[in-house]
Each structure stands twice: as C-alpha cells, then as structure tokens.
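K.L.:
Below is the file start.txt, which contains compact mmCIF, C-alpha atoms.
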# COMPACT_ATOMS: atom_id res chain seq x y z
CA MET P 1 0.00 0.00 0.00
CA LYS P 2 1.20 3.46 -0.88
CA ARG P 3 0.21 4.92 2.46
CA VAL P 4 2.18 2.31 4.37
CA ALA P 5 5.23 2.92 2.16
CA VAL P 6 5.06 6.65 2.84
CA GLU P 7 4.71 6.03 6.56
CA LYS P 8 7.74 3.72 6.46
CA LYS P 9 9.76 6.41 4.68
CA ILE P 10 8.70 9.04 7.22
CA LEU P 11 9.77 6.77 10.08
CA GLU P 12 13.10 5.94 8.42
CA ARG P 13 13.87 9.62 7.98
CA ASN P 14 12.80 10.18 11.58
CA ASP P 15 15.19 7.48 12.80
CA GLU P 16 18.08 9.12 10.94
CA SER P 17 17.33 12.43 12.63
CA ALA P 18 16.97 10.69 16.01
CA ASN P 19 20.45 9.20 15.51
CA ARG P 20 21.80 12.68 14.79
CA ILE P 21 20.19 13.90 18.04
CA ARG P 22 21.81 11.05 19.97
CA LYS P 23 25.19 12.00 18.54
CA ILE P 24 24.77 15.68 19.48
CA LEU P 25 23.68 14.76 23.01
CA LYS P 26 26.61 12.37 23.41
CA ASP P 27 29.12 14.98 22.21
CA LYS P 28 27.72 17.49 24.70
CA GLY P 29 27.40 14.99 27.55
CA VAL P 30 23.69 15.69 27.93
CA PHE P 31 21.21 13.12 29.31
CA ALA P 32 17.75 13.53 27.75
CA ILE P 33 14.31 12.26 28.74
CA ASN P 34 11.10 12.23 26.66
CA ILE P 35 8.01 12.74 28.82
CA MET P 36 4.75 11.42 27.37
CA SER P 37 1.15 10.99 28.58
CA SER P 38 -2.50 11.68 27.83
CA PRO P 39 -3.60 15.31 28.04
CA GLY P 40 -3.85 16.38 31.67
CA ALA P 41 -2.01 13.45 33.26
CA GLY P 42 0.41 15.91 34.84
CA LYS P 43 3.47 16.17 32.57
CA THR P 44 4.12 19.86 33.19
CA THR P 45 3.53 19.62 36.94
CA VAL P 46 5.96 16.69 37.19
CA VAL P 47 8.51 18.71 35.17
CA GLU P 48 7.98 21.81 37.33
CA ARG P 49 8.55 19.93 40.57
CA THR P 50 11.50 17.99 39.17
CA ILE P 51 13.26 21.12 37.95
CA ASP P 52 12.55 22.95 41.19
CA SER P 53 14.10 20.11 43.20
CA LEU P 54 17.13 19.41 41.03
CA LYS P 55 18.06 22.76 39.48
CA ASN P 56 20.60 23.61 42.18
CA LYS P 57 22.45 20.32 41.62
CA TYR P 58 22.19 19.97 37.83
CA ARG P 59 22.00 22.30 34.85
CA ILE P 60 18.66 21.64 33.18
CA SER P 61 17.18 22.66 29.82
CA TYR P 62 13.62 22.09 28.65
CA ILE P 63 11.93 21.65 25.26
CA ASP P 64 8.15 21.77 25.21
CA GLY P 65 5.97 20.34 22.46
CA ASP P 66 2.46 21.75 22.22
CA LEU P 67 -0.18 22.01 19.55
CA ASP P 68 -0.96 25.64 19.80
CA THR P 69 -0.07 27.51 23.00
CA ASP P 70 3.03 28.28 25.06
CA ARG P 71 1.24 27.71 28.38
CA ASP P 72 3.51 24.90 29.56
CA ALA P 73 6.68 26.65 28.38
CA SER P 74 5.67 29.81 30.29
CA ARG P 75 5.18 27.80 33.49
CA ILE P 76 8.66 26.29 33.21
CA ARG P 77 10.37 29.53 32.16
CA GLU P 78 9.46 31.00 35.55
CA LEU P 79 11.80 28.46 37.16
CA GLY P 80 14.78 30.14 35.47
CA VAL P 81 15.90 27.29 33.20
CA ASP P 82 16.45 27.53 29.46
CA VAL P 83 13.21 26.83 27.59
CA VAL P 84 12.45 26.29 23.90
CA GLN P 85 8.89 25.96 22.67
CA ILE P 86 7.94 23.77 19.70
CA ASN P 87 4.47 24.52 18.37
CA THR P 88 3.50 21.54 16.25
CA SER P 89 0.71 23.51 14.52
CA GLY P 90 -1.79 20.77 15.15
CA ALA P 91 0.51 17.77 14.69
CA CYS P 92 -0.17 15.08 17.27
CA HIS P 93 3.42 14.28 18.30
CA LEU P 94 6.97 15.58 18.29
CA ASP P 95 9.23 14.14 15.63
CA ALA P 96 13.01 14.05 15.51
CA ASP P 97 13.26 16.86 12.95
CA MET P 98 11.32 19.21 15.21
CA VAL P 99 13.60 18.32 18.12
CA LEU P 100 16.74 18.71 15.96
CA LYS P 101 15.66 22.27 15.12
CA ALA P 102 14.93 23.00 18.77
CA LEU P 103 18.41 21.75 19.70
CA GLU P 104 19.88 24.62 17.67
CA LYS P 105 18.16 27.07 20.01
CA VAL P 106 18.16 25.44 23.43
CA SER P 107 21.20 25.58 25.71
CA LEU P 108 23.03 22.26 25.57
CA ASP P 109 25.39 23.44 28.26
CA CYS P 110 23.37 21.28 30.62
CA ASP P 111 23.31 17.89 32.40
CA LEU P 112 19.66 17.10 31.82
CA LEU P 113 17.44 17.92 28.86
CA ILE P 114 13.75 17.40 29.52
CA ILE P 115 11.57 17.09 26.41
CA GLU P 116 7.83 17.27 27.07
CA ASN P 117 5.88 15.70 24.23
CA VAL P 118 2.37 16.55 22.96
CA GLY P 119 -0.39 15.20 25.24
CA ASN P 120 -1.29 11.98 23.44
CA LEU P 121 -1.05 8.35 24.57
CA VAL P 122 -0.78 7.00 21.02
CA CYS P 123 1.23 8.83 18.35
CA PRO P 124 4.33 10.05 20.24
CA ALA P 125 5.21 6.39 20.94
CA THR P 126 5.95 5.80 17.24
CA PHE P 127 8.44 8.65 16.81
CA ASP P 128 11.91 8.18 18.29
CA ILE P 129 13.17 11.65 19.24
CA GLY P 130 16.63 10.55 20.33
CA ALA P 131 16.07 10.79 24.09
CA HIS P 132 17.87 8.31 26.37
CA LYS P 133 14.83 7.34 28.40
CA ASN P 134 11.07 7.41 27.83
CA ILE P 135 9.02 8.49 30.83
CA VAL P 136 5.30 7.72 30.53
CA ILE P 137 2.88 9.26 33.01
CA LEU P 138 -0.42 7.51 33.72
CA SER P 139 -2.78 9.34 36.08
CA VAL P 140 -5.21 7.62 38.42
CA PRO P 141 -8.37 9.33 37.08
CA GLU P 142 -7.68 7.86 33.61
CA GLY P 143 -8.54 4.41 34.96
CA ASP P 144 -6.67 1.18 35.67
CA ASP P 145 -7.34 -0.37 32.22
CA LYS P 146 -5.02 1.83 30.18
CA VAL P 147 -1.82 -0.25 29.94
CA LYS P 148 -3.35 -2.94 27.74
CA LYS P 149 -5.54 -0.44 25.88
CA TYR P 150 -2.51 1.63 24.84
CA PRO P 151 0.19 -1.07 24.66
CA VAL P 152 2.44 0.70 22.12
CA MET P 153 3.07 3.54 24.54
CA PHE P 154 3.61 1.37 27.61
CA ASN P 155 5.82 -0.94 25.61
CA ILE P 156 8.41 1.80 24.97
CA ALA P 157 8.33 3.19 28.53
CA ASP P 158 11.47 2.92 30.62
CA VAL P 159 9.68 4.42 33.59
CA VAL P 160 5.94 4.70 34.27
CA LEU P 161 5.02 7.39 36.77
CA LEU P 162 1.60 6.60 38.21
CA ASN P 163 0.50 10.13 39.09
CA LYS P 164 -2.34 11.61 41.20
CA VAL P 165 -2.27 8.71 43.67
CA ASP P 166 -3.74 11.16 46.22
CA LEU P 167 -7.04 10.58 44.35
CA LEU P 168 -6.95 6.79 44.87
CA LYS P 169 -9.19 7.13 47.92
CA PHE P 170 -11.96 8.74 45.89
CA LEU P 171 -11.81 6.49 42.82
CA ASN P 172 -12.22 2.87 41.93
CA PHE P 173 -8.67 2.11 40.76
CA ASP P 174 -6.70 -1.11 41.19
CA VAL P 175 -2.94 -0.40 41.35
CA GLY P 176 -2.29 -4.16 41.34
CA LYS P 177 -4.01 -4.45 37.96
CA VAL P 178 -1.74 -1.76 36.47
CA LYS P 179 1.34 -3.48 37.89
CA LYS P 180 0.25 -6.85 36.51
CA GLU P 181 -0.58 -5.51 33.04
CA LEU P 182 2.66 -3.55 32.89
CA LYS P 183 4.55 -6.72 33.76
CA ASP P 184 2.83 -8.44 30.82
CA VAL P 185 3.32 -5.60 28.33
CA ASN P 186 6.76 -4.42 29.39
CA PRO P 187 8.41 -6.27 32.30
CA LYS P 188 11.48 -4.00 32.23
CA ALA P 189 9.55 -0.79 32.92
CA GLU P 190 9.92 0.72 36.36
CA LEU P 191 6.67 1.84 38.06
CA ILE P 192 6.84 4.70 40.55
CA GLN P 193 3.71 5.93 42.34
CA ILE P 194 3.61 9.71 42.80
CA SER P 195 1.43 12.70 43.43
CA ALA P 196 3.18 15.62 41.78
CA THR P 197 0.89 18.18 43.40
CA LYS P 198 1.06 16.69 46.92
CA GLY P 199 4.69 15.57 46.72
CA TYR P 200 4.06 11.91 47.48
CA GLY P 201 6.68 9.59 45.95
CA MET P 202 8.54 12.42 44.25
CA ARG P 203 11.77 11.84 46.16
CA MET P 204 11.88 8.29 44.83
CA TRP P 205 11.45 9.67 41.30
CA TYR P 206 14.17 12.31 41.80
CA SER P 207 16.69 9.78 43.09
CA PHE P 208 15.83 7.42 40.25
CA LEU P 209 16.38 10.25 37.75
CA GLU P 210 19.62 11.31 39.44
CA ARG P 211 21.03 7.79 39.08
CA LEU P 212 20.27 7.98 35.36
CA ILE P 213 21.88 11.42 34.96
CA LEU P 214 25.03 10.22 36.71
CA LEU P 215 25.37 6.94 34.78
CA MET F 1 5.89 18.91 0.25
CA LYS F 2 5.24 15.32 -0.64
CA ARG F 3 4.07 14.43 2.85
CA VAL F 4 1.46 17.20 2.83
CA ALA F 5 0.21 16.09 -0.58
CA VAL F 6 -0.22 12.52 0.66
CA GLU F 7 -2.04 13.73 3.76
CA LYS F 8 -4.34 15.85 1.58
CA LYS F 9 -5.12 12.82 -0.57
CA ILE F 10 -5.83 10.68 2.50
CA LEU F 11 -8.23 13.32 3.83
CA GLU F 12 -9.97 13.70 0.46
CA ARG F 13 -10.53 9.97 0.26
CA ASN F 14 -11.74 10.02 3.84
CA ASP F 15 -14.25 12.78 3.03
CA GLU F 16 -15.64 10.73 0.15
CA SER F 17 -16.17 7.76 2.46
CA ALA F 18 -17.72 10.03 5.11
CA ASN F 19 -20.21 11.24 2.49
CA ARG F 20 -21.07 7.62 1.69
CA ILE F 21 -21.67 7.01 5.41
CA ARG F 22 -23.96 10.05 5.60
CA LYS F 23 -25.97 8.73 2.67
CA ILE F 24 -26.33 5.26 4.24
CA LEU F 25 -27.40 6.76 7.57
CA LYS F 26 -29.90 9.05 5.86
CA ASP F 27 -31.41 6.17 3.87
CA LYS F 28 -31.80 4.13 7.05
CA GLY F 29 -33.05 7.05 9.15
CA VAL F 30 -30.24 6.61 11.68
CA PHE F 31 -28.88 9.45 13.81
CA ALA F 32 -25.17 9.00 14.58
CA ILE F 33 -22.85 10.57 17.14
CA ASN F 34 -19.04 10.45 17.30
CA ILE F 35 -17.75 10.42 20.88
CA MET F 36 -14.19 11.66 21.38
CA SER F 37 -11.92 12.43 24.33
CA SER F 38 -8.53 11.81 25.91
CA PRO F 39 -7.93 8.31 27.26
CA GLY F 40 -9.83 7.84 30.49
CA ALA F 41 -12.10 10.88 30.29
CA GLY F 42 -15.11 8.58 30.57
CA LYS F 43 -16.35 7.83 27.03
CA THR F 44 -17.41 4.25 27.73
CA THR F 45 -19.04 5.09 31.05
CA VAL F 46 -21.05 7.90 29.41
CA VAL F 47 -22.07 5.49 26.64
CA GLU F 48 -23.03 2.78 29.16
CA ARG F 49 -25.25 5.11 31.17
CA THR F 50 -26.78 6.66 28.06
CA ILE F 51 -27.68 3.29 26.54
CA ASP F 52 -29.01 2.03 29.85
CA SER F 53 -31.30 5.06 30.16
CA LEU F 54 -32.52 5.27 26.57
CA LYS F 55 -32.56 1.68 25.31
CA ASN F 56 -36.21 1.14 26.17
CA LYS F 57 -37.25 4.19 24.15
CA TYR F 58 -34.87 3.97 21.18
CA ARG F 59 -33.13 1.22 19.25
CA ILE F 60 -29.39 1.78 19.71
CA SER F 61 -26.31 0.34 17.98
CA TYR F 62 -22.71 0.88 18.99
CA ILE F 63 -19.39 0.89 17.15
CA ASP F 64 -16.25 0.94 19.29
CA GLY F 65 -12.82 2.03 18.08
CA ASP F 66 -9.90 0.78 20.12
CA LEU F 67 -6.20 0.24 19.52
CA ASP F 68 -5.89 -3.28 20.71
CA THR F 69 -8.53 -4.68 23.08
CA ASP F 70 -12.29 -5.26 23.09
CA ARG F 71 -12.68 -4.12 26.70
CA ASP F 72 -15.08 -1.27 25.91
CA ALA F 73 -17.10 -3.33 23.43
CA SER F 74 -17.51 -6.11 26.04
CA ARG F 75 -18.82 -3.60 28.59
CA ILE F 76 -21.45 -2.32 26.14
CA ARG F 77 -22.40 -5.78 24.81
CA GLU F 78 -23.66 -6.64 28.30
CA LEU F 79 -26.37 -4.00 27.87
CA GLY F 80 -27.93 -6.06 25.08
CA VAL F 81 -27.42 -3.65 22.18
CA ASP F 82 -25.76 -4.50 18.87
CA VAL F 83 -22.00 -3.94 19.10
CA VAL F 84 -19.26 -3.94 16.47
CA GLN F 85 -15.62 -3.62 17.46
CA ILE F 86 -13.04 -1.88 15.27
CA ASN F 87 -9.47 -2.65 16.28
CA THR F 88 -7.34 0.01 14.67
CA SER F 89 -4.15 -2.06 15.17
CA GLY F 90 -2.33 0.85 16.69
CA ALA F 91 -3.82 3.62 14.53
CA CYS F 92 -4.58 6.71 16.57
CA HIS F 93 -8.09 7.49 15.26
CA LEU F 94 -11.04 6.04 13.42
CA ASP F 95 -11.31 6.94 9.77
CA ALA F 96 -14.34 6.82 7.50
CA ASP F 97 -13.22 3.63 5.72
CA MET F 98 -13.03 1.76 9.02
CA VAL F 99 -16.52 2.98 9.94
CA LEU F 100 -17.87 2.11 6.46
CA LYS F 101 -16.68 -1.48 6.93
CA ALA F 102 -18.21 -1.61 10.41
CA LEU F 103 -21.53 -0.39 8.98
CA GLU F 104 -21.70 -3.61 6.95
CA LYS F 105 -21.75 -5.60 10.19
CA VAL F 106 -23.62 -3.44 12.69
CA SER F 107 -27.42 -3.39 12.83
CA LEU F 108 -28.70 -0.21 11.16
CA ASP F 109 -32.20 -1.08 12.16
CA CYS F 110 -31.81 1.52 14.90
CA ASP F 111 -32.60 5.13 15.83
CA LEU F 112 -29.24 6.00 17.34
CA LEU F 113 -25.76 4.85 16.33
CA ILE F 114 -23.08 5.64 18.90
CA ILE F 115 -19.51 5.58 17.59
CA GLU F 116 -16.83 5.69 20.27
CA ASN F 117 -13.53 6.89 18.86
CA VAL F 118 -9.98 6.03 19.96
CA GLY F 119 -8.95 7.84 23.15
CA ASN F 120 -7.03 10.79 21.72
CA LEU F 121 -7.70 14.52 21.94
CA VAL F 122 -5.83 15.29 18.72
CA CYS F 123 -6.05 12.99 15.70
CA PRO F 124 -9.73 11.93 15.64
CA ALA F 125 -10.67 15.59 15.13
CA THR F 126 -9.13 15.59 11.65
CA PHE F 127 -11.06 12.59 10.31
CA ASP F 128 -14.73 13.11 9.45
CA ILE F 129 -16.47 9.77 10.04
CA GLY F 130 -19.88 10.86 8.78
CA ALA F 131 -21.58 11.23 12.16
CA HIS F 132 -24.23 13.94 12.59
CA LYS F 133 -22.82 15.35 15.81
CA ASN F 134 -19.45 15.38 17.51
CA ILE F 135 -19.52 14.87 21.26
CA VAL F 136 -16.28 15.76 23.03
CA ILE F 137 -15.77 14.75 26.64
CA LEU F 138 -13.39 16.74 28.84
CA SER F 139 -12.89 15.41 32.36
CA VAL F 140 -12.14 17.60 35.37
CA PRO F 141 -8.87 15.84 36.36
CA GLU F 142 -7.39 16.73 32.95
CA GLY F 143 -7.29 20.38 34.00
CA ASP F 144 -9.05 23.59 33.00
CA ASP F 145 -6.48 24.63 30.39
CA LYS F 146 -7.31 22.03 27.74
CA VAL F 147 -9.71 23.89 25.40
CA LYS F 148 -7.07 26.28 24.10
CA LYS F 149 -4.33 23.63 24.22
CA TYR F 150 -6.35 21.28 21.96
CA PRO F 151 -8.32 23.78 19.86
CA VAL F 152 -8.78 21.55 16.80
CA MET F 153 -10.82 19.07 18.83
CA PHE F 154 -12.92 21.66 20.67
CA ASN F 155 -13.47 23.53 17.43
CA ILE F 156 -15.35 20.60 15.87
CA ALA F 157 -17.40 19.79 19.00
CA ASP F 158 -21.16 20.22 18.86
CA VAL F 159 -21.44 19.27 22.51
CA VAL F 160 -18.78 19.30 25.22
CA LEU F 161 -19.58 17.07 28.18
CA LEU F 162 -17.56 18.24 31.18
CA ASN F 163 -17.32 14.93 33.04
CA LYS F 164 -16.27 13.95 36.59
CA VAL F 165 -17.60 17.19 38.12
CA ASP F 166 -17.96 15.24 41.38
CA LEU F 167 -14.17 15.66 41.66
CA LEU F 168 -14.36 19.47 41.45
CA LYS F 169 -14.27 19.72 45.24
CA PHE F 170 -10.92 17.93 45.41
CA LEU F 171 -9.18 19.69 42.53
CA ASN F 172 -8.16 23.15 41.47
CA PHE F 173 -10.36 23.54 38.39
CA ASP F 174 -12.07 26.70 37.12
CA VAL F 175 -15.26 25.83 35.22
CA GLY F 176 -15.63 29.51 34.25
CA LYS F 177 -12.28 29.37 32.47
CA VAL F 178 -13.41 26.38 30.39
CA LYS F 179 -16.67 28.16 29.50
CA LYS F 180 -14.82 31.31 28.50
CA GLU F 181 -12.23 29.51 26.37
CA LEU F 182 -14.90 27.38 24.70
CA LYS F 183 -16.79 30.56 23.85
CA ASP F 184 -13.64 31.89 22.19
CA VAL F 185 -12.74 28.69 20.33
CA ASN F 186 -16.23 27.52 19.39
CA PRO F 187 -19.14 29.69 20.53
CA LYS F 188 -21.73 27.31 19.09
CA ALA F 189 -20.69 24.33 21.23
CA GLU F 190 -23.04 23.35 24.05
CA LEU F 191 -21.40 22.67 27.43
CA ILE F 192 -23.09 20.21 29.79
CA GLN F 193 -21.61 19.42 33.20
CA ILE F 194 -21.96 15.78 34.21
CA SER F 195 -20.69 13.03 36.43
CA ALA F 196 -21.33 9.80 34.54
CA THR F 197 -20.49 7.63 37.55
CA LYS F 198 -22.56 9.63 40.07
CA GLY F 199 -25.37 10.54 37.64
CA TYR F 200 -25.12 14.30 38.07
CA GLY F 201 -26.28 16.23 34.98
CA MET F 202 -26.98 13.08 32.99
CA ARG F 203 -30.70 13.80 32.59
CA MET F 204 -29.83 17.10 30.91
CA TRP F 205 -27.54 15.21 28.52
CA TYR F 206 -30.18 12.55 27.78
CA SER F 207 -32.87 15.11 26.98
CA PHE F 208 -30.43 17.06 24.83
CA LEU F 209 -29.58 13.86 22.94
CA GLU F 210 -33.26 12.91 22.60
CA ARG F 211 -34.02 16.26 20.99
CA LEU F 212 -31.28 15.53 18.44
CA ILE F 213 -32.56 12.00 17.72
CA LEU F 214 -36.09 13.30 17.15
CA LEU F 215 -35.09 16.22 14.91
Would you mind giving the structure from this file in structure tokens?

P.N.:
Amino acid sequence: MKRVAVEKKILERNDESANRIRKILKDKGVFAINIMSSPGAGKTTVVERTIDSLKNKYRISYIDGDLDTDRDASRIRELGVDVVQINTSGACHLDADMVLKALEKVSLDCDLLIIENVGNLVCPATFDIGAHKNIVILSVPEGDDKVKKYPVMFNIADVVLLNKVDLLKFLNFDVGKVKKELKDVNPKAELIQISATKGYGMRMWYSFLERLILL
Amino acid sequence: MKRVAVEKKILERNDESANRIRKILKDKGVFAINIMSSPGAGKTTVVERTIDSLKNKYRISYIDGDLDTDRDASRIRELGVDVVQINTSGACHLDADMVLKALEKVSLDCDLLIIENVGNLVCPATFDIGAHKNIVILSVPEGDDKVKKYPVMFNIADVVLLNKVDLLKFLNFDVGKVKKELKDVNPKAELIQISATKGYGMRMWYSFLERLILL
C-alpha cells in the first residue's frame, strides 16, 4: 500500500534524525528524557517539581511540544531554566526533525534535557526523538485499564510514573491491575507511584532520575 | 511537500467515504454521534449510562474504536445492544473507511448509532467519520487549560460534556475558564456538566440527545 510505504519512509527519515540527536547529546554529555502521557495526566507539573528540586544540583534545559499555545513553556520559564517551545501547529506528536531544530536554540550546556511531548497516549510512541529514556505518566483518574488499551506507549516506557495517587481514595482504581498488566506488556519498565501536586513519591522519582543522569 | 500532498489525498478519500456514510445513515433514518476524548475521560461510562437510560425508548447500535482490546465493546455488549468492534491495530483514530466497513456488520435497524472513537484529543478531530454530531468529553482531572491547548478538537465539538464534576471539590479547576475559552474557540458548542459515575447532569444530557434523535 502506498500509504504504508510513505509512513515507512517518514519513520526511516525520523530514525536518521533521532540518531543525529543522539550523537549531538553524546558529544555534549547531555542526558535527555522524553516525557509522554495523555492530556492532563500531569506532565508539566511533574517537570515543574522535578526542575525545582534538582536545578541547584544539575544544569537543566527544557523543550516543550504543544499544539498551539506556550502555556507549559511559560510555566517552566518561571523556574529560570532555558526553555524552547515547539508549536506543532496541530501535529499530534513531536518528531526528531522538530527536536533537531529545537536543539539549535536550546542551551546544551546542561546535564539534563527534559523534552515534554504533545499530550497523546498513542502517536508520540511511534516517533523516536533521540532521548535516552522514555518516561510515561499515567494518572489515576484515567482508569486502571489503560496499559493494555494503549500497549504501544507502555511498551516503549522505561519508567511509568503513576500520578495523582492522592485521588486513589476517591476512585475505583486497582494499582495491582496496572502493575500486573505492565509486567505483561513491558516487564522492564519501572513503576513509581507519585502525586506531583502533593509531593508523594517524588523523592523516589528524583533519586531514580539522578542515578540515570550520573550513569 | 510530498508528505502534505499525501495527507491531503488521504483526507480527500476520507471525506468521500464520510459522504457515503452520511448517505447510508440518511437512507436508514439513523442518527449518529461520534464520541471523542482523551484516554480515560469517561467515554465508555457515558455510553453505558446513556444506553441504559434510553434503550427502552430507542433502538441503539454501537461501534467501538480501540487500539488493541475489546474491553469497551464487552462492557457495552452486556447491555444487550448490537456492538461492532473496530481494532485500529495501533492507529490513533477512526477513519471513515473503518466505519464504512463496520456499517456492513452493525445493525442499522436503529434510531441512534453511537460511535466511540480512539482515546485521543488530537487525531480523531481531523477525520470526518460521517456522524451527525461530535460529542467531546473533557474530564475535570485533565485540568481547566485544555480547550485552548487542543483547539482543533474543541473547534469541531457540537457538545462538550464536562465529566467527573464530582471531583471538582478535590481539585483546582475553574469551570468559568473552560466556559470562557470554549466561547472563544467555538461559541456554538453546548457545554453540559456531568458526572457519569454519580449521575449528576446526565438527565440534561439525555434530553439534549433525545431532541437531536427526534429532529
């Protein structure tokens, strides 16, 4: 099929650009993470808290992918780190070419580069953007059936942050089910339970991230 | 650009198929809605409650789009209505060709056809699937900043169901902000506040939907 051939070509070109990103990051000694989730699962809040906690120990830069606004970028800019905004003009994911262009603008004089993807639990999983680790956030109000419903995303996750666990007491959500399904879909993924707004579990996430930065 | 040309062609072909769907629905006297939202905003629960409340007054059929499981279809099948499952095999949205094929299997001897799209607040908005009305669900835990962050989706909404309002008391969420931004992005869209699990606001939604069916 023609459409499939075009998609294959797009992904091949993307992989080439992702390899170029990896080379740039390696040359600069920068560790990069790609943060993905559904809309509203808490990506920007997790990033805010993480930067606020680690910015005195590590130099951090941030690239934000959004369809149409700079709301998330503005929130992070207030923390005093270097921020570059990618507006995808309606596109449903970041691709490696977009990130390559952003790398020309963002400060790579840093230890950690945080790339926040477009809020989407499907499409960003298909596009390698050259980051070292994929962080997928699942939030409690989304329901405990999401791992097997969105297996492509959970399959590429290195870490799953289960966010908004402060709402567990109000909702019918089985953490054991998520753990079990994640073990089936991707046994290597680490699961960390957090509440980014209340602070619960965040220290475990920070120390996990620090170990990665220092590797 | 070649990629843009291919995308244009895909959308043109999709529009042709959507027109064929409209013709089939018109011939059969079926009113169809396309339900879209982020993962976990409550599409299937809204559909469950709606079918349960209206199935004695109207004949209802249901088409479910999912990446990889038949979890939602199984939930609806228990209500005794005709159900057809579309597995998109990883694709991030339903398109009109998928729905056309499903129409060959689903009972069109009905008054209302409910089509539940893939959980994604971006891509499904671009693909007309021939439904009469687009119902977009936004849930409170996703945050009050989503209308302007995902304008393409809210722009095509005929009705926005603001779901999980029972959680408003636990979260920092400004309903006025959503109303204001929806007025800017799409002043014609109706906003109905509901809690599908607790029942709040559902009667308003049912009577709104009934008016549409009977038009």

K.L.:
Using all atoms listed in the file, pick whichever of F:Thr50, F:Ser38, F:Thr197, F:Thr126 has the shortest atom-to-atom distance to chain P.

P.N.:
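Answer, going by the shortest atom-to-atom distance: F:Ser38.
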
K.L.:
Taking all atoms listed in the file into account, name the residue in P:Ile76, P:Leu108, P:Leu54, P:Ala5 that is nearest to Arg203 of chain P.

P.N.:
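Selected residue with least distance to Arg203 of chain P: P:Leu54.
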
K.L.:
Calculated over all atoms listed in the file, which of the candidates F:Pro141, F:Pro151, F:Gly119, F:Pro187 has the smallest distance to Phe170 of chain F?

P.N.:
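Closest candidate: F:Pro141.
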
K.L.:
Could you tell me how far atom CA of Lys133 of chain F lies from atom CA of Val175 of chain F, in Å and to one decimal?

P.N.:
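Computed distance, atom CA of Lys133 of chain F to atom CA of Val175 of chain F, equals 23.3 Å.
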
K.L.:
Can you list, as an MDAnalysis selection string, every protein, DNA or RNA residue that comes within 12 Å of segment 21-32 of chain F when you count only C-alpha atoms, leaving out same-chain residues fewer than 2 positions away?

P.N.:
chainID F and resid 14:19 34:35 58:63 95:104 107:116 128:135 209:215

K.L.:
Starting from chain P, keep only residues with some atom at most 6 Å from an atom of chain F, counting only C-alpha atoms, and report them as a list in words.

P.N.:
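Output check: Gly40, Asp68, Thr69, Cys92, Val122, Glu142, Gly143 and Lys149 of chain P.
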
K.L.:
Hey, what's within 12 Å of Lys188 of chain P if we count only C-alpha atoms and toss same-chain stuff fewer than 4 positions away? As a list of chain:residue names, please?

P.N.:
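What passes the distance filter is P:Phe154, P:Asn155, P:Ile156, P:Ala157, P:Asp158, P:Val159, P:Val160, P:Lys179, P:Leu182, P:Lys183, P:Asp184.
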
K.L.:
Between F:Lys43, F:Asn87, F:Asp52, F:Arg75, which has the minimum distance to Leu161 of chain F (counting only C-alpha atoms)?

P.N.:
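For Leu161 of chain F, the nearest of the given residues is F:Lys43.
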
K.L.:
Separation of atom CA of Ile194 of chain F and atom CA of Val178 of chain F, in Å?

P.N.:
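Taking atom CA of Ile194 of chain F and atom CA of Val178 of chain F, their separation equals 14.1 Å.
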